[in-house]
file target.tsv (TSV, C-alpha atoms)
chain	number	residue	atom	x	y	z
A	1	MET	CA	74.10	-1.41	4.42
A	2	LYS	CA	76.17	-4.57	3.96
A	3	ASP	CA	73.40	-6.64	5.60
A	4	ILE	CA	70.79	-5.09	3.29
A	5	LEU	CA	72.88	-5.81	0.22
A	6	LYS	CA	73.51	-9.33	1.43
A	7	THR	CA	69.78	-9.95	1.94
A	8	LYS	CA	68.98	-8.55	-1.51
A	9	GLY	CA	71.71	-10.72	-2.99
A	10	ILE	CA	70.26	-13.82	-1.34
A	11	ARG	CA	66.80	-13.01	-2.70
A	12	ILE	CA	68.14	-12.47	-6.21
A	13	ALA	CA	70.08	-15.73	-6.02
A	14	LEU	CA	66.94	-17.56	-4.89
A	15	LEU	CA	64.90	-16.09	-7.76
A	16	ILE	CA	67.56	-17.11	-10.28
A	17	MET	CA	67.72	-20.58	-8.77
A	18	LEU	CA	63.95	-20.97	-9.07
A	19	MET	CA	63.96	-19.71	-12.67
A	20	VAL	CA	66.61	-22.28	-13.53
A	21	ALA	CA	64.72	-24.92	-11.58
A	22	GLY	CA	61.60	-24.26	-13.61
A	23	LYS	CA	63.53	-25.10	-16.78
A	24	THR	CA	65.70	-27.90	-15.42
A	25	PHE	CA	63.48	-29.78	-12.98
A	26	GLY	CA	60.09	-31.17	-13.82
A	27	GLN	CA	57.43	-33.72	-13.16
A	28	SER	CA	58.42	-37.14	-14.46
A	29	LYS	CA	55.14	-38.98	-14.06
A	30	THR	CA	51.90	-39.25	-12.13
A	31	ILE	CA	51.09	-42.23	-9.93
A	32	ASN	CA	47.59	-43.20	-8.81
A	33	LEU	CA	47.39	-43.77	-5.07
A	34	TRP	CA	44.94	-46.65	-5.12
A	35	ASP	CA	45.09	-49.80	-7.26
A	36	LYS	CA	41.31	-49.95	-7.37
A	37	LYS	CA	38.85	-47.42	-5.97
A	38	ALA	CA	39.75	-45.32	-2.94
A	39	PRO	CA	38.45	-46.61	0.41
A	40	GLY	CA	34.98	-45.41	1.24
A	41	ALA	CA	34.56	-43.90	-2.22
A	42	ILE	CA	31.04	-43.35	-3.57
A	43	ALA	CA	30.62	-43.38	-7.35
A	44	ASN	CA	29.08	-40.15	-8.63
A	45	ALA	CA	28.99	-39.59	-12.39
A	46	ASP	CA	28.02	-35.94	-11.93
A	47	TYR	CA	31.11	-35.16	-9.85
A	48	LYS	CA	33.79	-34.01	-12.30
A	49	GLU	CA	37.33	-32.87	-11.52
A	50	THR	CA	38.21	-29.30	-12.50
A	51	ASN	CA	41.65	-27.74	-12.98
A	52	SER	CA	41.86	-24.01	-13.64
A	53	ASP	CA	45.03	-23.01	-15.53
A	54	ASP	CA	46.96	-25.80	-13.79
A	55	SER	CA	46.86	-23.73	-10.61
A	56	TRP	CA	43.55	-24.44	-8.83
A	57	MET	CA	42.08	-27.94	-8.62
A	58	GLN	CA	38.72	-29.07	-7.26
A	59	ARG	CA	36.52	-32.17	-7.10
A	60	VAL	CA	39.31	-34.75	-7.12
A	61	THR	CA	38.00	-38.31	-7.39
A	62	ASN	CA	41.25	-39.99	-8.48
A	63	PRO	CA	43.86	-39.12	-5.84
A	64	ARG	CA	47.42	-39.26	-7.12
A	65	LEU	CA	51.02	-38.16	-6.76
A	66	ASP	CA	52.91	-36.00	-9.24
A	67	VAL	CA	56.55	-37.10	-9.01
A	68	TYR	CA	59.40	-34.57	-9.24
A	69	PRO	CA	62.70	-36.48	-8.92
A	70	ALA	CA	65.72	-34.65	-7.58
A	71	PRO	CA	68.47	-34.20	-10.20
A	72	ALA	CA	70.96	-37.03	-9.92
A	73	GLU	CA	73.89	-34.67	-9.29
A	74	LYS	CA	72.05	-32.99	-6.40
A	75	ALA	CA	70.02	-35.86	-4.91
A	76	THR	CA	70.30	-36.17	-1.12
A	77	GLY	CA	68.00	-39.15	-0.60
A	78	THR	CA	65.42	-36.96	1.12
A	79	ALA	CA	61.81	-36.83	-0.08
A	80	VAL	CA	58.85	-34.57	0.71
A	81	VAL	CA	55.16	-35.14	0.05
A	82	ILE	CA	53.49	-31.75	-0.54
A	83	CYS	CA	49.86	-31.03	0.42
A	84	PRO	CA	48.66	-27.81	-1.28
A	85	GLY	CA	46.14	-25.70	0.59
A	86	GLY	CA	42.72	-24.39	-0.33
A	87	GLY	CA	40.41	-24.55	2.67
A	88	TYR	CA	39.56	-28.22	1.99
A	89	SER	CA	37.46	-26.93	-0.93
A	90	GLY	CA	40.21	-26.78	-3.56
A	91	MET	CA	43.97	-27.06	-3.99
A	92	ALA	CA	46.42	-24.34	-4.99
A	93	ILE	CA	48.49	-26.80	-7.02
A	94	GLY	CA	50.50	-24.05	-8.72
A	95	HIS	CA	52.19	-21.85	-6.10
A	96	GLU	CA	51.73	-24.38	-3.27
A	97	GLY	CA	52.46	-27.46	-5.37
A	98	LYS	CA	54.48	-27.39	-8.57
A	99	GLN	CA	56.56	-24.30	-7.67
A	100	VAL	CA	57.37	-25.75	-4.26
A	101	ALA	CA	58.33	-29.11	-5.80
A	102	GLN	CA	60.78	-27.36	-8.12
A	103	TRP	CA	62.28	-25.44	-5.18
A	104	LEU	CA	62.72	-28.69	-3.24
A	105	ASN	CA	64.37	-30.24	-6.32
A	106	SER	CA	66.89	-27.38	-6.27
A	107	LEU	CA	67.86	-28.51	-2.75
A	108	GLY	CA	68.33	-32.11	-3.88
A	109	ILE	CA	64.98	-33.30	-2.52
A	110	THR	CA	62.63	-35.55	-4.48
A	111	ALA	CA	59.15	-34.03	-4.26
A	112	PHE	CA	55.68	-35.48	-4.61
A	113	VAL	CA	52.66	-33.21	-5.04
A	114	LEU	CA	49.68	-34.93	-3.46
A	115	LYS	CA	46.39	-34.35	-5.25
A	116	TYR	CA	44.15	-35.60	-2.47
A	117	ARG	CA	40.39	-36.04	-2.34
A	118	LEU	CA	38.72	-33.00	-0.87
A	119	PRO	CA	36.15	-33.84	1.82
A	120	ASP	CA	32.72	-34.16	0.25
A	121	ALA	CA	29.84	-36.43	1.26
A	122	ALA	CA	28.91	-36.69	-2.43
A	123	ILE	CA	31.89	-38.97	-3.11
A	124	MET	CA	32.92	-40.51	0.22
A	125	ALA	CA	31.26	-42.38	3.06
A	126	ASP	CA	33.09	-40.39	5.74
A	127	LYS	CA	34.43	-37.11	4.43
A	128	SER	CA	36.42	-36.41	7.60
A	129	VAL	CA	38.86	-39.26	6.92
A	130	GLY	CA	39.11	-39.10	3.11
A	131	PRO	CA	42.11	-36.72	2.99
A	132	MET	CA	43.88	-38.65	5.77
A	133	GLN	CA	43.38	-41.92	3.89
A	134	ASP	CA	45.04	-40.44	0.82
A	135	GLY	CA	47.83	-38.91	2.89
A	136	GLN	CA	48.65	-42.13	4.74
A	137	ARG	CA	48.60	-44.04	1.48
A	138	ALA	CA	50.93	-41.49	-0.15
A	139	ILE	CA	53.57	-41.80	2.57
A	140	ARG	CA	53.36	-45.60	2.54
A	141	LEU	CA	53.67	-45.66	-1.24
A	142	VAL	CA	56.73	-43.39	-1.27
A	143	ARG	CA	58.38	-45.36	1.53
A	144	SER	CA	57.64	-48.76	-0.03
A	145	ARG	CA	59.12	-47.61	-3.37
A	146	ALA	CA	61.98	-45.60	-1.88
A	147	LYS	CA	64.69	-47.66	-3.58
A	148	GLU	CA	63.12	-47.01	-7.00
A	149	TRP	CA	63.48	-43.23	-6.51
A	150	GLY	CA	66.81	-43.28	-4.66
A	151	ILE	CA	65.15	-42.20	-1.41
A	152	ASP	CA	66.23	-42.95	2.14
A	153	PRO	CA	63.07	-44.46	3.74
A	154	LYS	CA	64.03	-42.70	6.98
A	155	LYS	CA	64.10	-39.26	5.34
A	156	ILE	CA	60.53	-38.84	4.11
A	157	GLY	CA	58.79	-35.64	5.16
A	158	ILE	CA	55.34	-34.15	4.83
A	159	MET	CA	54.71	-30.52	3.86
A	160	GLY	CA	51.46	-28.59	3.95
A	161	PHE	CA	50.17	-25.10	3.26
A	162	SER	CA	47.06	-23.71	4.98
A	163	ALA	CA	44.41	-26.49	5.02
A	164	GLY	CA	47.09	-28.69	3.46
A	165	GLY	CA	48.98	-27.94	6.67
A	166	HIS	CA	46.07	-29.41	8.59
A	167	LEU	CA	46.35	-32.57	6.53
A	168	ALA	CA	50.15	-32.60	7.03
A	169	SER	CA	49.82	-32.15	10.80
A	170	THR	CA	47.07	-34.79	10.86
A	171	LEU	CA	49.46	-37.23	9.20
A	172	SER	CA	52.11	-36.21	11.74
A	173	THR	CA	49.84	-36.96	14.70
A	174	HIS	CA	47.48	-39.69	13.42
A	175	PHE	CA	49.93	-41.90	11.53
A	176	ASN	CA	48.97	-44.89	13.69
A	177	ALA	CA	45.24	-44.38	13.11
A	178	LYS	CA	43.66	-47.13	11.02
A	179	ALA	CA	42.26	-44.83	8.36
A	180	TYR	CA	41.51	-47.65	5.89
A	181	ASP	CA	41.11	-51.41	6.19
A	182	ASP	CA	43.65	-52.74	3.69
A	183	ALA	CA	46.64	-50.74	4.94
A	184	ASP	CA	49.92	-52.65	4.66
A	185	ALA	CA	52.57	-52.82	7.36
A	186	THR	CA	54.63	-49.95	5.90
A	187	SER	CA	54.86	-47.05	8.34
A	188	ALA	CA	52.78	-43.98	7.51
A	189	ARG	CA	54.78	-41.78	9.90
A	190	PRO	CA	56.54	-38.79	8.32
A	191	ASP	CA	60.11	-38.31	9.51
A	192	PHE	CA	59.67	-34.52	9.62
A	193	SER	CA	57.03	-31.94	8.78
A	194	LEU	CA	57.12	-28.52	7.12
A	195	LEU	CA	54.00	-26.53	8.04
A	196	ILE	CA	53.49	-23.24	6.23
A	197	TYR	CA	50.73	-20.94	7.57
A	198	PRO	CA	48.92	-24.14	8.57
A	199	VAL	CA	45.47	-24.79	9.88
A	200	ILE	CA	46.20	-26.96	12.92
A	201	SER	CA	43.16	-26.72	15.16
A	202	MET	CA	39.43	-27.29	14.74
A	203	ARG	CA	38.61	-25.40	17.95
A	204	GLU	CA	36.41	-22.32	17.67
A	205	GLY	CA	38.29	-19.05	18.04
A	206	ILE	CA	41.48	-20.46	16.56
A	207	THR	CA	40.43	-22.59	13.57
A	208	HIS	CA	39.80	-21.54	9.99
A	209	MET	CA	36.04	-22.06	10.01
A	210	GLY	CA	35.77	-22.79	6.28
A	211	SER	CA	38.26	-25.66	6.57
A	212	ARG	CA	36.48	-26.99	9.65
A	213	ILE	CA	33.04	-26.95	8.01
A	214	ASN	CA	34.34	-28.59	4.85
A	215	LEU	CA	36.07	-31.34	6.82
A	216	LEU	CA	33.72	-31.93	9.76
A	217	GLY	CA	30.41	-30.34	8.77
A	218	GLU	CA	28.35	-27.56	10.31
A	219	LYS	CA	27.84	-29.24	13.69
A	220	PRO	CA	30.74	-31.54	14.52
A	221	SER	CA	30.77	-33.42	17.79
A	222	ALA	CA	33.14	-32.40	20.58
A	223	GLU	CA	34.97	-35.67	19.96
A	224	GLN	CA	35.52	-34.83	16.27
A	225	VAL	CA	36.76	-31.34	17.10
A	226	ASN	CA	39.17	-32.70	19.69
A	227	ASN	CA	40.41	-35.51	17.43
A	228	PHE	CA	41.21	-33.19	14.52
A	229	SER	CA	42.68	-30.41	16.67
A	230	ASN	CA	46.19	-31.64	16.07
A	231	GLU	CA	47.81	-29.49	18.74
A	232	LEU	CA	45.93	-31.74	21.19
A	233	GLN	CA	47.19	-34.94	19.54
A	234	VAL	CA	50.95	-34.35	19.77
A	235	ASN	CA	52.88	-37.02	21.67
A	236	SER	CA	56.44	-38.25	22.04
A	237	GLU	CA	56.33	-39.94	18.60
A	238	THR	CA	55.27	-36.83	16.66
A	239	PRO	CA	57.95	-35.89	14.12
A	240	THR	CA	60.08	-32.76	14.33
A	241	ALA	CA	58.63	-29.72	12.58
A	242	PHE	CA	59.46	-26.43	10.88
A	243	LEU	CA	56.63	-23.88	10.99
A	244	VAL	CA	55.96	-20.54	9.31
A	245	HIS	CA	53.20	-18.02	10.04
A	246	SER	CA	52.50	-14.29	9.83
A	247	MET	CA	51.10	-12.20	12.65
A	248	ASN	CA	48.66	-10.45	10.30
A	249	ASP	CA	47.24	-13.66	8.83
A	250	ASP	CA	43.52	-12.86	8.81
A	251	ALA	CA	42.51	-16.23	7.36
A	252	VAL	CA	44.29	-18.70	9.66
A	253	PRO	CA	45.19	-17.25	13.07
A	254	VAL	CA	48.87	-17.40	14.02
A	255	GLU	CA	47.83	-19.23	17.20
A	256	ASN	CA	47.53	-22.41	15.11
A	257	SER	CA	51.30	-22.58	14.65
A	258	ILE	CA	52.05	-21.29	18.15
A	259	GLU	CA	49.85	-23.91	19.84
A	260	TYR	CA	51.39	-26.72	17.79
A	261	ALA	CA	54.93	-25.54	18.55
A	262	LEU	CA	54.14	-25.35	22.26
A	263	ALA	CA	52.68	-28.86	22.17
A	264	LEU	CA	55.88	-30.12	20.52
A	265	LYS	CA	57.95	-28.32	23.17
A	266	LYS	CA	55.86	-29.89	25.94
A	267	ASN	CA	56.58	-33.32	24.48
A	268	LYS	CA	60.28	-32.53	24.02
A	269	ILE	CA	60.04	-32.70	20.21
A	270	PRO	CA	62.53	-30.35	18.48
A	271	CYS	CA	60.87	-27.72	16.32
A	272	GLU	CA	61.50	-24.32	14.78
A	273	LEU	CA	58.82	-21.65	14.47
A	274	HIS	CA	59.17	-18.50	12.33
A	275	ILE	CA	56.60	-15.78	12.96
A	276	TYR	CA	56.68	-12.81	10.61
A	277	GLU	CA	55.12	-9.41	11.29
A	278	LYS	CA	53.45	-9.25	7.89
A	279	GLY	CA	52.72	-11.43	4.89
A	280	GLY	CA	49.08	-12.27	5.39
A	281	HIS	CA	48.13	-15.66	4.04
A	282	GLY	CA	48.68	-17.82	0.99
A	283	TYR	CA	52.00	-16.40	-0.20
A	284	GLY	CA	53.63	-19.70	-1.18
A	285	LEU	CA	57.37	-19.22	-1.60
A	286	GLY	CA	56.89	-15.46	-1.21
A	287	LYS	CA	57.18	-12.71	-3.82
A	288	SER	CA	56.48	-9.52	-1.88
A	289	GLY	CA	60.07	-8.79	-0.87
A	290	GLY	CA	58.90	-8.66	2.74
A	291	THR	CA	60.60	-10.65	5.47
A	292	GLU	CA	58.13	-13.53	5.05
A	293	SER	CA	59.59	-14.06	1.56
A	294	ASP	CA	62.75	-15.38	3.21
A	295	TRP	CA	61.09	-18.34	4.93
A	296	SER	CA	62.37	-20.77	2.29
A	297	LEU	CA	65.95	-19.73	3.05
A	298	ALA	CA	65.39	-20.39	6.74
A	299	CYS	CA	63.77	-23.71	5.88
A	300	GLY	CA	66.79	-24.71	3.79
A	301	ARG	CA	69.09	-23.96	6.71
A	302	TRP	CA	66.87	-26.00	9.02
A	303	LEU	CA	66.85	-28.96	6.62
A	304	LYS	CA	70.64	-28.78	6.43
A	305	SER	CA	70.95	-28.66	10.22
A	306	LYS	CA	68.91	-31.87	10.39
A	307	GLY	CA	71.19	-33.62	7.90
A	308	LEU	CA	68.39	-33.80	5.34
A	309	ILE	CA	70.22	-31.84	2.63
A	310	ASN	CA	73.90	-31.10	1.96

call {"tool": "encode", "arguments": {"input": "target.tsv", "output": "structure tokens"}}
result
Amino acid sequence: MKDILKTKGIRIALLIMLMVAGKTFGQSKTINLWDKKAPGAIANADYKETNSDDSWMQRVTNPRLDVYPAPAEKATGTAVVICPGGGYSGMAIGHEGKQVAQWLNSLGITAFVLKYRLPDAAIMADKSVGPMQDGQRAIRLVRSRAKEWGIDPKKIGIMGFSAGGHLASTLSTHFNAKAYDDADATSARPDFSLLIYPVISMREGITHMGSRINLLGEKPSAEQVNNFSNELQVNSETPTAFLVHSMNDDAVPVENSIEYALALKKNKIPCELHIYEKGGHGYGLGKSGGTESDWSLACGRWLKSKGLIN
């Protein structure tokens, strides 16, 4: 009974904290990723960005970062770039973007919601690398301007939900890839990754087929599938990771997180994997009251254990 009451108390405290965060913490500004046009961009006047109720975004042509600075009295010097999910066809910028940024602010973390270009041959020369170009640029931008935001350049993480988790794991395994020609010397390597019900693999039988088709097309080559199956790209330089998945996820199989965690283990990279019995897919910070709703508490403890928050 005491454990039940304690768990309920923790949940109530988290809800109160988030309610306060929503009023206290907020976006300070938006920063365009590219000084001119994005690399490989194709001009298309008929391609217009849409944003439904500030919660679902599609057709992004101007990739950018929404900046959520940590409150001065809480700031830890840690930063996280957030990649909302949406099957590489849209972005859930509400419950996998803004709400998550406010939660990170409550931990003393400066958050950046990445509004990345979604892969589409109508606006980019090679749709398979468009999101990675924006992701690499976002990390370089945050690291190069770390002093401006009071950030430790060695404490910059990447976070992704669902297909955003594929982008986050791509940035964690392809940070040395030359995704665009005018990249500066600033490292694009995240220092840690937070992967929440992520798409990791492009292999049949394990991938989320919608994300794969949107990123690689209907008939990708074996080389493309292998290259973007990020469990196959882990090496000794891959950053440490915290992963969350549910056994009954019928959109993105739990094997995505399991295979990535095993690849990290094989390469002696510390990681933590939380697998919940239920929860399904797309629950963001969690509101069901089920055990998966506690993942953010576990994540906070993990971040503290790594010296990333106080």

call {"tool": "residues_around", "arguments": {"input": "target.tsv", "residues": "range 87-97 of chain A", "least_positions_apart": "2", "cutoff": "7 Å", "atoms": "only C-alpha atoms", "output": "list in words"}}
result
Asp54, Ser55, Trp56, Met57, Gln58, Ile82, Pro84, Gly85, Gln99, Val100, Ala101, Val113, Leu118, Pro119, Phe161, Ala163, Gly210, Ser211, Asn214, Leu215 and Gly284 of chain A

call {"tool": "closest_residue", "arguments": {"input": "target.tsv", "among": "A:Gly150, A:Gly289, A:Gln133, A:Thr30", "to": "Lys74 in chain A", "atoms": "only C-alpha atoms"}}
result
A:Gly150

call {"tool": "residues_around", "arguments": {"input": "target.tsv", "residues": "Pro131 in chain A", "least_positions_apart": "3", "cutoff": "10 Å", "atoms": "all atoms listed in the file", "output": "ChimeraX atom specification"}}
result
/A:63,83,88,115-119,127-128,134-137,164,167-168,170-171,179,215

call {"tool": "write_last_selection", "arguments": {"input": "target.tsv", "atoms": "C-alpha atoms", "output": "PDB file, in the frame of the given file"}}
result
ATOM      1  CA  PRO A  63      43.860 -39.120  -5.840  1.00  0.00           C
ATOM      2  CA  CYS A  83      49.860 -31.030   0.420  1.00  0.00           C
ATOM      3  CA  TYR A  88      39.560 -28.220   1.990  1.00  0.00           C
ATOM      4  CA  LYS A 115      46.390 -34.350  -5.250  1.00  0.00           C
ATOM      5  CA  TYR A 116      44.150 -35.600  -2.470  1.00  0.00           C
ATOM      6  CA  ARG A 117      40.390 -36.040  -2.340  1.00  0.00           C
ATOM      7  CA  LEU A 118      38.720 -33.000  -0.870  1.00  0.00           C
ATOM      8  CA  PRO A 119      36.150 -33.840   1.820  1.00  0.00           C
ATOM      9  CA  LYS A 127      34.430 -37.110   4.430  1.00  0.00           C
ATOM     10  CA  SER A 128      36.420 -36.410   7.600  1.00  0.00           C
ATOM     11  CA  ASP A 134      45.040 -40.440   0.820  1.00  0.00           C
ATOM     12  CA  GLY A 135      47.830 -38.910   2.890  1.00  0.00           C
ATOM     13  CA  GLN A 136      48.650 -42.130   4.740  1.00  0.00           C
ATOM     14  CA  ARG A 137      48.600 -44.040   1.480  1.00  0.00           C
ATOM     15  CA  GLY A 164      47.090 -28.690   3.460  1.00  0.00           C
ATOM     16  CA  LEU A 167      46.350 -32.570   6.530  1.00  0.00           C
ATOM     17  CA  ALA A 168      50.150 -32.600   7.030  1.00  0.00           C
ATOM     18  CA  THR A 170      47.070 -34.790  10.860  1.00  0.00           C
ATOM     19  CA  LEU A 171      49.460 -37.230   9.200  1.00  0.00           C
ATOM     20  CA  ALA A 179      42.260 -44.830   8.360  1.00  0.00           C
ATOM     21  CA  LEU A 215      36.070 -31.340   6.820  1.00  0.00           C
TER      22      LEU A 215
END

call {"tool": "closest_residue", "arguments": {"input": "target.tsv", "among": "A:Asn62, A:Gly165, A:Glu73, A:Val129", "to": "Asn227 in chain A", "atoms": "all atoms listed in the file"}}
result
A:Val129

call {"tool": "residues_near_point", "arguments": {"input": "target.tsv", "point": "(52.4, -39.2, -5.2)", "cutoff": "7 Å", "atoms": "only C-alpha atoms", "output": "list in words"}}
result
Thr30, Ile31, Leu33, Arg64, Leu65, Asp66, Val67, Phe112, Val113, Leu114 and Ala138 of chain A

call {"tool": "closest_residue", "arguments": {"input": "target.tsv", "among": "A:Thr50, A:Pro198, A:Ala183, A:Glu218", "to": "Gly86 in chain A", "atoms": "all atoms listed in the file"}}
result
A:Pro198

call {"tool": "closest_residue", "arguments": {"input": "target.tsv", "among": "A:Ile123, A:Ile213, A:Leu232, A:Met132", "to": "Lys266 in chain A", "atoms": "all atoms listed in the file"}}
result
A:Leu232

call {"tool": "residues_around", "arguments": {"input": "target.tsv", "residues": "Gln224 in chain A", "least_positions_apart": "4", "cutoff": "9 Å", "atoms": "all atoms listed in the file", "output": "count of residues only"}}
result
6

call {"tool": "closest_residue", "arguments": {"input": "target.tsv", "among": "A:Gly160, A:Asp191, A:Ala43, A:Asn235", "to": "Ala125 in chain A", "atoms": "all atoms listed in the file"}}
result
A:Ala43

call {"tool": "residues_around", "arguments": {"input": "target.tsv", "residues": "Asp181 in chain A", "least_positions_apart": "3", "cutoff": "10 Å", "atoms": "all atoms listed in the file", "output": "PyMOL selection string"}}
result
chain A and resi 39-40+178+184

call {"tool": "atom_distance", "arguments": {"input": "target.tsv", "atom1": "CA of Lys98 in chain A", "atom2": "CA of Pro239 in chain A"}}
result
24.5 Å

call {"tool": "residues_around", "arguments": {"input": "target.tsv", "residues": "Phe192 in chain A", "least_positions_apart": "4", "cutoff": "6 Å", "atoms": "only C-alpha atoms", "output": "PDB file with C-alpha atoms, keeping the file's coordinate frame"}}
result
ATOM      1  CA  GLY A 157      58.790 -35.640   5.160  1.00  0.00           C
ATOM      2  CA  PRO A 239      57.950 -35.890  14.120  1.00  0.00           C
ATOM      3  CA  THR A 240      60.080 -32.760  14.330  1.00  0.00           C
ATOM      4  CA  ALA A 241      58.630 -29.720  12.580  1.00  0.00           C
TER       5      ALA A 241
END

call {"tool": "atom_distance", "arguments": {"input": "target.tsv", "atom1": "CA of Thr207 in chain A", "atom2": "CA of Asn256 in chain A"}}
result
7.3 Å
